[in-house]
Structures are given as C-alpha cells and as structure tokens.
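Peer 1: I am sharing run_12.txt, which consists of compact mmCIF, C-alpha atoms:
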# COMPACT_ATOMS: atom_id res chain seq x y z
CA MET A 1153 -0.38 5.57 -4.73
CA PRO A 1154 -3.55 5.16 -6.37
CA SER A 1155 -5.80 5.13 -3.34
CA LEU A 1156 -6.59 1.50 -4.20
CA THR A 1157 -3.09 0.30 -3.30
CA ALA A 1158 -3.36 -1.22 0.15
CA LEU A 1159 -2.40 -4.07 2.44
CA SER A 1160 -4.95 -5.82 4.62
CA LEU A 1161 -5.33 -8.97 6.68
CA ARG A 1162 -8.05 -11.45 5.84
CA SER A 1163 -9.29 -14.83 7.01
CA TYR A 1164 -11.46 -17.13 4.90
CA GLY A 1165 -14.08 -19.72 5.78
CA PRO A 1166 -15.27 -23.09 4.46
CA ASP A 1167 -17.92 -21.66 2.13
CA ALA A 1168 -16.80 -21.23 -1.48
CA PHE A 1169 -17.26 -17.75 -2.87
CA THR A 1170 -16.47 -16.87 -6.49
CA HIS A 1171 -15.88 -13.28 -7.54
CA ALA A 1172 -13.69 -11.01 -9.67
CA HIS A 1173 -12.49 -7.41 -9.44
CA ASP A 1174 -10.89 -4.87 -11.73
CA HIS A 1175 -7.61 -4.58 -9.85
CA VAL A 1176 -4.64 -6.79 -9.09
CA GLN A 1177 -4.84 -8.90 -5.95
CA VAL A 1178 -2.06 -10.94 -4.35
CA VAL A 1179 -2.83 -13.47 -1.62
CA LEU A 1180 0.11 -14.20 0.69
CA PRO A 1181 -0.08 -16.68 3.58
CA LEU A 1182 0.74 -15.73 7.15
CA ALA A 1183 -0.91 -18.67 8.92
CA GLY A 1184 -2.77 -21.74 7.72
CA GLY A 1185 -3.74 -22.39 4.12
CA MET A 1186 -6.64 -22.77 1.70
CA GLU A 1187 -7.64 -24.12 -1.67
CA MET A 1188 -8.10 -21.63 -4.50
CA ASP A 1189 -9.25 -21.66 -8.07
CA VAL A 1190 -7.85 -18.79 -10.13
CA GLY A 1191 -9.21 -18.52 -13.65
CA GLY A 1192 -10.04 -22.22 -13.78
CA ARG A 1193 -6.72 -23.38 -12.34
CA GLY A 1194 -6.89 -25.00 -8.94
CA GLY A 1195 -4.17 -25.07 -6.33
CA ALA A 1196 -3.26 -24.62 -2.70
CA VAL A 1197 -2.10 -21.46 -0.99
CA ASP A 1198 0.00 -22.30 2.04
CA LEU A 1199 3.16 -21.23 3.84
CA VAL A 1200 5.33 -21.82 0.77
CA ARG A 1201 3.01 -20.56 -1.98
CA GLY A 1202 0.83 -17.52 -2.61
CA ALA A 1203 -1.56 -16.59 -5.41
CA PHE A 1204 -1.70 -13.82 -8.00
CA VAL A 1205 -5.10 -12.71 -9.30
CA ALA A 1206 -5.09 -10.54 -12.42
CA PRO A 1207 -7.79 -7.92 -13.01
CA GLY A 1208 -11.07 -9.45 -14.15
CA THR A 1209 -10.06 -13.03 -13.23
CA ALA A 1210 -12.72 -15.07 -11.44
CA HIS A 1211 -11.37 -16.78 -8.34
CA THR A 1212 -12.73 -18.94 -5.55
CA GLN A 1213 -11.29 -19.81 -2.15
CA VAL A 1214 -12.20 -22.42 0.46
CA ALA A 1215 -10.50 -22.59 3.86
CA PRO A 1216 -11.86 -25.14 6.36
CA GLN A 1217 -9.03 -24.54 8.87
CA PRO A 1218 -8.07 -21.37 10.81
CA ASN A 1219 -6.03 -19.06 8.62
CA CYS A 1220 -4.71 -15.56 8.07
CA PHE A 1221 -3.58 -14.04 4.78
CA LEU A 1222 -1.92 -10.81 3.80
CA ILE A 1223 -3.83 -9.29 0.88
CA LEU A 1224 -2.17 -6.81 -1.48
CA ASP A 1225 -4.63 -4.86 -3.64
CA CYS A 1226 -3.10 -2.59 -6.27
CA GLY A 1227 -3.57 -1.17 -9.72
CA LEU A 1228 -2.11 -2.61 -12.89
CA GLU A 1229 0.11 0.46 -13.17
CA ASP A 1230 1.73 -0.40 -9.84
CA ILE A 1231 3.42 -3.52 -11.15
CA GLY A 1232 3.35 -2.89 -14.90
CA ALA A 1233 1.54 -4.72 -17.70
CA ASP A 1234 4.50 -7.02 -18.47
CA ALA A 1235 4.78 -8.23 -14.89
CA CYS A 1236 1.02 -8.74 -14.69
CA GLU A 1237 1.02 -10.84 -17.84
CA ARG A 1238 3.93 -12.92 -16.56
CA LEU A 1239 2.39 -13.52 -13.15
CA ALA A 1240 -1.10 -14.20 -14.52
CA GLY A 1241 0.34 -16.93 -16.74
CA GLN A 1242 1.26 -18.91 -13.62
CA PRO A 1243 -0.86 -17.60 -10.74
CA TRP A 1244 0.84 -19.67 -8.03
CA LEU A 1245 3.67 -17.73 -6.42
CA GLY A 1246 6.59 -19.52 -4.86
CA LEU A 1247 7.83 -17.66 -1.79
CA PRO A 1248 11.61 -17.21 -1.89
CA PRO A 1249 13.39 -16.88 1.47
CA ALA A 1250 13.58 -13.06 1.34
CA LEU A 1251 9.83 -12.78 0.76
CA ARG A 1252 9.06 -15.41 3.40
CA HIS A 1253 11.19 -13.48 5.90
CA LEU A 1254 9.26 -10.29 5.08
CA LEU A 1255 5.94 -12.08 5.62
CA ASP A 1256 7.16 -13.48 8.93
CA TYR A 1257 8.19 -9.97 9.97
CA ILE A 1258 4.72 -8.62 9.11
CA ASP A 1259 3.12 -11.48 11.02
CA LEU A 1260 5.17 -10.64 14.11
CA ARG A 1261 4.44 -6.91 13.92
CA ARG A 1262 0.72 -7.05 13.22
CA THR A 1263 -1.75 -6.24 15.97
CA GLY A 1264 -4.43 -8.92 15.86
CA SER A 1265 -6.31 -8.41 12.61
CA ALA A 1266 -4.88 -4.93 12.03
CA LEU A 1267 -1.70 -3.70 10.35
CA PRO A 1268 0.01 -0.65 11.86
CA VAL A 1269 0.15 2.22 9.37
CA ALA A 1270 3.93 2.50 9.65
CA LEU A 1271 4.29 -1.22 8.93
CA THR A 1272 2.14 -0.93 5.81
CA ARG A 1273 4.09 2.05 4.52
CA HIS A 1274 7.38 0.25 5.02
CA CYS A 1275 6.41 -3.14 3.63
CA LEU A 1276 4.08 -2.31 0.74
CA PRO A 1277 6.80 -1.10 -1.68
CA LEU A 1278 9.02 -4.03 -0.65
CA LEU A 1279 6.27 -6.50 -1.55
CA ILE A 1280 5.69 -4.86 -4.92
CA GLN A 1281 9.41 -4.98 -5.62
CA HIS A 1282 9.47 -8.71 -4.83
CA LEU A 1283 6.59 -9.33 -7.22
CA ALA A 1284 7.69 -6.97 -9.97
CA PRO A 1285 11.33 -5.86 -9.62
CA ASP A 1286 10.93 -3.70 -12.72
CA ALA A 1287 7.69 -2.02 -11.62
CA PRO A 1288 7.52 1.51 -13.04
CA ILE A 1289 9.34 3.89 -10.73
CA ALA A 1290 7.05 6.70 -11.90
CA ALA A 1291 4.02 4.89 -10.43
CA ARG A 1292 5.82 4.52 -7.11
CA LEU A 1293 6.66 8.22 -7.21
CA ARG A 1294 2.99 9.11 -7.77
CA ARG A 1295 2.02 7.11 -4.70
CA LEU A 1296 4.63 8.94 -2.65
CA LEU A 1297 3.45 12.34 -3.88
CA GLN A 1298 -0.12 11.52 -2.90
CA ARG A 1299 1.03 10.64 0.60
CA ILE A 1300 2.96 13.89 0.90
CA GLU A 1301 0.01 15.89 -0.43
CA ALA A 1302 -2.15 14.36 2.31
CA ALA A 1303 0.27 15.59 5.02
CA PRO A 1304 2.41 18.41 3.56
CA GLY A 1305 3.35 19.76 6.98
CA ALA A 1306 5.01 16.54 8.09
CA ALA A 1307 8.78 16.14 7.96
CA TRP A 1308 9.68 15.22 4.39
CA PRO A 1309 13.45 15.58 3.97
CA VAL A 1310 14.98 14.27 0.76
CA GLU A 1311 16.45 11.33 2.65
CA ARG A 1312 13.01 10.21 3.79
CA MET A 1313 11.51 10.54 0.30
CA ALA A 1314 14.36 8.48 -1.15
CA ALA A 1315 14.04 5.85 1.56
CA GLU A 1316 10.30 5.55 0.90
CA LEU A 1317 11.09 4.68 -2.73
CA HIS A 1318 14.13 2.58 -1.83
CA ILE A 1319 16.41 4.64 -4.04
CA SER A 1320 19.34 6.96 -3.43
CA SER A 1321 18.95 10.71 -2.88
CA SER A 1322 20.75 11.43 -6.15
CA ARG A 1323 18.39 9.13 -8.05
CA LEU A 1324 15.43 10.83 -6.36
CA HIS A 1325 16.63 14.22 -7.63
CA ALA A 1326 16.99 12.80 -11.14
CA LEU A 1327 13.51 11.25 -10.93
CA PHE A 1328 11.90 14.54 -9.86
CA LYS A 1329 13.73 16.36 -12.66
CA ARG A 1330 12.59 13.83 -15.25
CA GLU A 1331 8.97 13.49 -14.11
CA LEU A 1332 8.21 16.95 -12.68
CA ASP A 1333 11.00 19.20 -13.98
CA THR A 1334 11.81 20.40 -10.47
CA SER A 1335 13.66 19.30 -7.34
CA PRO A 1336 12.12 17.50 -4.35
CA GLN A 1337 12.66 20.53 -2.10
CA ALA A 1338 11.16 22.98 -4.60
CA TRP A 1339 8.13 20.74 -5.20
CA LEU A 1340 7.53 20.40 -1.46
CA ALA A 1341 7.93 24.14 -0.85
CA GLU A 1342 5.39 24.94 -3.57
CA LEU A 1343 2.96 22.35 -2.20
CA ARG A 1344 3.22 23.79 1.30
CA LEU A 1345 2.68 27.32 0.04
CA ARG A 1346 -0.44 26.32 -1.89
CA HIS A 1347 -1.74 24.54 1.18
CA VAL A 1348 -1.20 27.49 3.52
CA MET A 1349 -2.56 30.00 0.99
CA ASP A 1350 -5.77 28.00 0.73
CA ALA A 1351 -6.00 27.95 4.51
CA LEU A 1352 -5.37 31.71 4.74
CA ALA A 1353 -8.20 32.35 2.33
CA SER A 1354 -10.71 29.92 3.79
CA THR A 1355 -10.09 29.79 7.56
CA HIS A 1356 -9.49 32.07 10.54
CA THR A 1357 -6.63 29.93 11.85
CA PRO A 1358 -3.84 32.15 13.22
CA VAL A 1359 -0.88 32.60 10.90
CA ALA A 1360 1.52 31.27 13.53
CA THR A 1361 -0.49 28.06 13.78
CA LEU A 1362 -0.63 27.67 10.00
CA ALA A 1363 3.13 28.14 9.85
CA ILE A 1364 3.87 25.33 12.29
CA GLU A 1365 1.22 22.99 10.86
CA GLY A 1366 2.44 23.73 7.34
CA GLY A 1367 6.01 22.66 7.96
CA TRP A 1368 7.74 25.99 8.71
CA SER A 1369 9.77 26.49 11.86
CA ASP A 1370 7.88 29.65 12.82
CA GLN A 1371 5.71 32.50 11.49
CA THR A 1372 8.75 34.55 10.41
CA THR A 1373 9.98 31.75 8.14
CA LEU A 1374 6.54 31.46 6.54
CA THR A 1375 6.38 35.23 6.06
CA ARG A 1376 9.70 35.23 4.20
CA ALA A 1377 8.53 32.39 1.97
CA MET A 1378 5.25 34.19 1.22
CA ARG A 1379 7.05 37.44 0.39
CA ARG A 1380 9.35 35.65 -2.04
CA ALA A 1381 6.47 33.84 -3.72
CA THR A 1382 3.71 36.48 -3.77
CA GLY A 1383 5.23 39.76 -2.64
CA GLN A 1384 2.80 39.80 0.31
CA THR A 1385 2.87 38.82 3.94
CA PRO A 1386 0.42 36.12 5.06
CA ALA A 1387 -1.77 38.73 6.77
CA ALA A 1388 -1.83 40.95 3.67
CA PHE A 1389 -2.59 37.96 1.46
CA ARG A 1390 -5.48 36.98 3.75
CA ARG A 1391 -6.93 40.52 3.71
CA ALA A 1392 -6.68 40.71 -0.08
CA ARG A 1393 -8.39 37.36 -0.58
CA ARG A 1394 -11.14 38.26 1.88
CA ALA A 1395 -11.72 41.54 0.04
CA MET A 1396 -12.03 39.69 -3.27
CA GLN A 1397 -14.52 37.26 -1.76
Using structure tokens, write down the structure that the file contains.
Peer 2:
Amino acid sequence: MPSLTALSLRSYGPDAFTHAHDHVQVVLPLAGGMEMDVGGRGGAVDLVRGAFVAPGTAHTQVAPQPNCFLILDCGLEDIGADACERLAGQPWLGLPPALRHLLDYIDLRRTGSALPVALTRHCLPLLIQHLAPDAPIAARLRRLLQRIEAAPGAAWPVERMAAELHISSSRLHALFKRELDTSPQAWLAELRLRHVMDALASTHTPVATLAIEGGWSDQTTLTRAMRRATGQTPAAFRRARRAMQ
C-alpha cells in the first residue's frame, strides 16, 4: 500500500482554509457536517453525503458545529484512473446503506480521535471497494506485500492473505502467479529467508531467537530451510559473512 494510503479522523473549524494535494482524498462523515467547495463546486457534507477530492483539486471546508470525519488518503493507483475521473466529475458522494453501515461501525469502534490499527486494516480495503469496485487488484496486492514485508515473522497463512484482499484462496494463488510468477507460500518463505540472512550478517542475535522472530517454529526448522536454500547452516552462513566483512 503505497505508504500514503491511510485512514484518519479529523474535525474542522469555522475558519475557511483552501488547499490542494497531489493525492486522492475522500471525506466521509461520522458526526456533524460542514460546507465544502471542491474545485469551484459548493455543497454540504453530512450524514448522507461525503466528498471526493481528486489530486490537485483546490478545496475549502467550513464547519461551525462540532463534527468528526473519516478521511481516506490514497494514491490514484489505488482506485484507478477511470474511477477517479468518474468520481471527480461529481465530487459529492451519496452514501448507500452498506457504506453508511460501515461508517457507523467505524464510529462505534474508534477510540476518541484514534482508529485502532486492526480496524484500519479491516476497513480500508472495504472503503476503497465501495468507492471503486473495479480498483486494480494488483495495487491492492502491492499494499498487502508491503505490510507483510514490514512484519515477515507474523502469521501469514494463505487464508489470511486472501481475506485481507477479500478474495478466495484460489484467486490469491492465481494473482501471485500472474503478478510475481510464484506462490504465496514460496514468496513468503523467500522473504523470511532474506530477512533472517540479513540479520545473521548484521547482528549478534542468537539463531534460535531469529528463528522464532522470523516465523519458523524453532531453530531446527530454520536450519533445514537455510540448508535447502544456501547449503549452509545459519551459524556457518554467519561465520562466512563475517569473514567476508
């Protein structure tokens, strides 16, 4: 997920402020409302209508009453150029019941002005699907891969990967084959090996600790994986890399 893609909570005040940014922004109401001008078109954002702001579009908001909005910031590639053009043509978003229910759920689960990480991970792809049902699946896959790369030792079974993308396990396998020419399990195994090999070369962390943190059940399982991949045990690999350095 480009790192830009994020959900946040925001409240606005009575002072008008005009600005523009180079990414997509979607303003979705949780409580209260406000007046907005998006690219010269004025309108209200309230509990039945949100706003879509295309990249580079100047927009202004004024909110004299207490309010809270869910803000989706994402890249153009997240929703696709066609969807962006369609939504920019009419920046005021009607909120169908399914989307309103999702917003109500987020409102109930939020903690004050903060969104729990698990809530964001669950709801962000659902929101993008509501806005752009045909958003490129490859872009969603890239976001997932970046999340896995940030925590390769976490539990990432195929079922979880598929659920994160809201697709079936069989479609996930086909997507990995098409985009990466490998399987989800093979890609994850290679990622974990690269991660632990870097750690072996650059740290003094015990091999047993690296094994557990890297996603293996124990040091023996890591050793077998290293032997298959490099012909060396973790300890031998570490000694060889240290000698080279």
Peer 1: Have a look at A:Ser1321, A:Thr1375, A:Arg1391, A:Arg1380 and name the one nearest to Thr1355 in chain A; count all atoms listed in the file.
Peer 2: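 Using all atoms listed in the file, Thr1355 in chain A sits closest to A:Arg1391.
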Peer 1: Between CA of Arg1294 in chain A and CA of Glu1229 in chain A, what is the distance, to one decimal in Å?
Peer 2: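 Distance reported for this atom pair: 10.6 Å.
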Peer 1: If I take CA of Thr1385 in chain A and CA of Pro1309 in chain A, how far is one from the other in Å, to one decimal?
Peer 2: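 Distance reported for this atom pair: 25.5 Å.
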Peer 1: Taking every listed atom of range 1333-1337 of chain A and adding 5 Å to each side, what centre and edge lengths in Å (one decimal) does the axis-aligned box have, as AutoDock Vina command-line options?
Peer 2:
--center_x 12.3 --center_y 19.0 --center_z -8.0 --size_x 12.7 --size_y 13.0 --size_z 21.9
Peer 1: Which residues come within 8 Å of Val1214 in chain A, counting all atoms listed in the file, excluding same-chain residues fewer than 3 positions away, as a ChimeraX atom specification?
Peer 2: /A:1164-1169,1186-1188
Peer 1: Skipping near chain neighbours, those fewer than 5 positions away, what residues fall within 10 Å of range 1255-1259 of chain A using all atoms listed in the file, listed as number ranges by chain?
Peer 2: A: 1161, 1180-1183, 1199, 1220-1222, 1247, 1249-1250, 1264, 1267-1268, 1271-1272, 1275, 1279
Peer 1: Quick one: distance from CA of Thr1209 in chain A to CA of Cys1236 in chain A in Å, one decimal?
Peer 2: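 Computing it gives 12.0 Å between the two atoms.
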Peer 1: Please identify all polymer residues within 10 Å of Pro1277 in chain A, counting only C-alpha atoms, omitting same-chain residues fewer than 3 positions from it, and present them as a list in words.
Peer 2: Asp1230, Thr1272, Arg1273, His1274, Ile1280, Gln1281, His1282, Leu1283, Arg1292, Arg1295, Glu1316, Leu1317 and His1318 of chain A
Peer 1: Hey, what's within 9 Å of range 1356-1363 of chain A if we count only C-alpha atoms and toss same-chain stuff fewer than 5 positions away? As a ChimeraX atom specification, please?
Peer 2: /A:1305,1348,1351,1368-1375,1386-1387
Peer 1: For Ala1233 in chain A, which residue among A:Pro1207, A:Gly1184, A:Pro1304, A:Pro1218 is the nearest when counting only C-alpha atoms?
Peer 2: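 Selected residue with least distance to Ala1233 in chain A: A:Pro1207.
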Peer 1: Name the closest residue to Leu1343 in chain A among the candidates A:Ala1215, A:Ile1319, A:Ala1388, A:Ala1302; distances are taken between atoms, counting only C-alpha atoms.
Peer 2: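 Ranking A:Ala1215, A:Ile1319, A:Ala1388, A:Ala1302 by distance to Leu1343 in chain A, first place goes to A:Ala1302.
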Peer 1: Return the single residue from A:Leu1296, A:Ala1306, A:Ala1196, A:Leu1228 that is closest to His1173 in chain A, with distances computed using all atoms listed in the file.
Peer 2: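 For His1173 in chain A, the nearest of the candidates is A:Leu1228.
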Peer 1: Smallest atom-to-atom distance to Val1200 in chain A: which of A:Glu1237, A:Pro1248, A:Asp1174, A:Ala1266, using all atoms listed in the file?
Peer 2: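 The shortest atom-to-atom distance to Val1200 in chain A comes from A:Pro1248.
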Peer 1: Identify, on the basis of all atoms listed in the file, every residue whose closest approach to Leu1245 in chain A does not exceed 8 Å; exclude the query and any residue fewer than 5 positions from it along the same chain; express the result as a list in words.
Peer 2: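 My list of contacting residues is Arg1201, Gly1202, Ala1203 and Phe1204 of chain A.
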Peer 1: Of the candidates A:Ala1235, A:Ala1270, A:Ala1290, A:Ile1364, which shows the shortest atom-to-atom distance to Ala1307 in chain A, using all atoms listed in the file?
Peer 2: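 The closest residue to Ala1307 in chain A is A:Ile1364.
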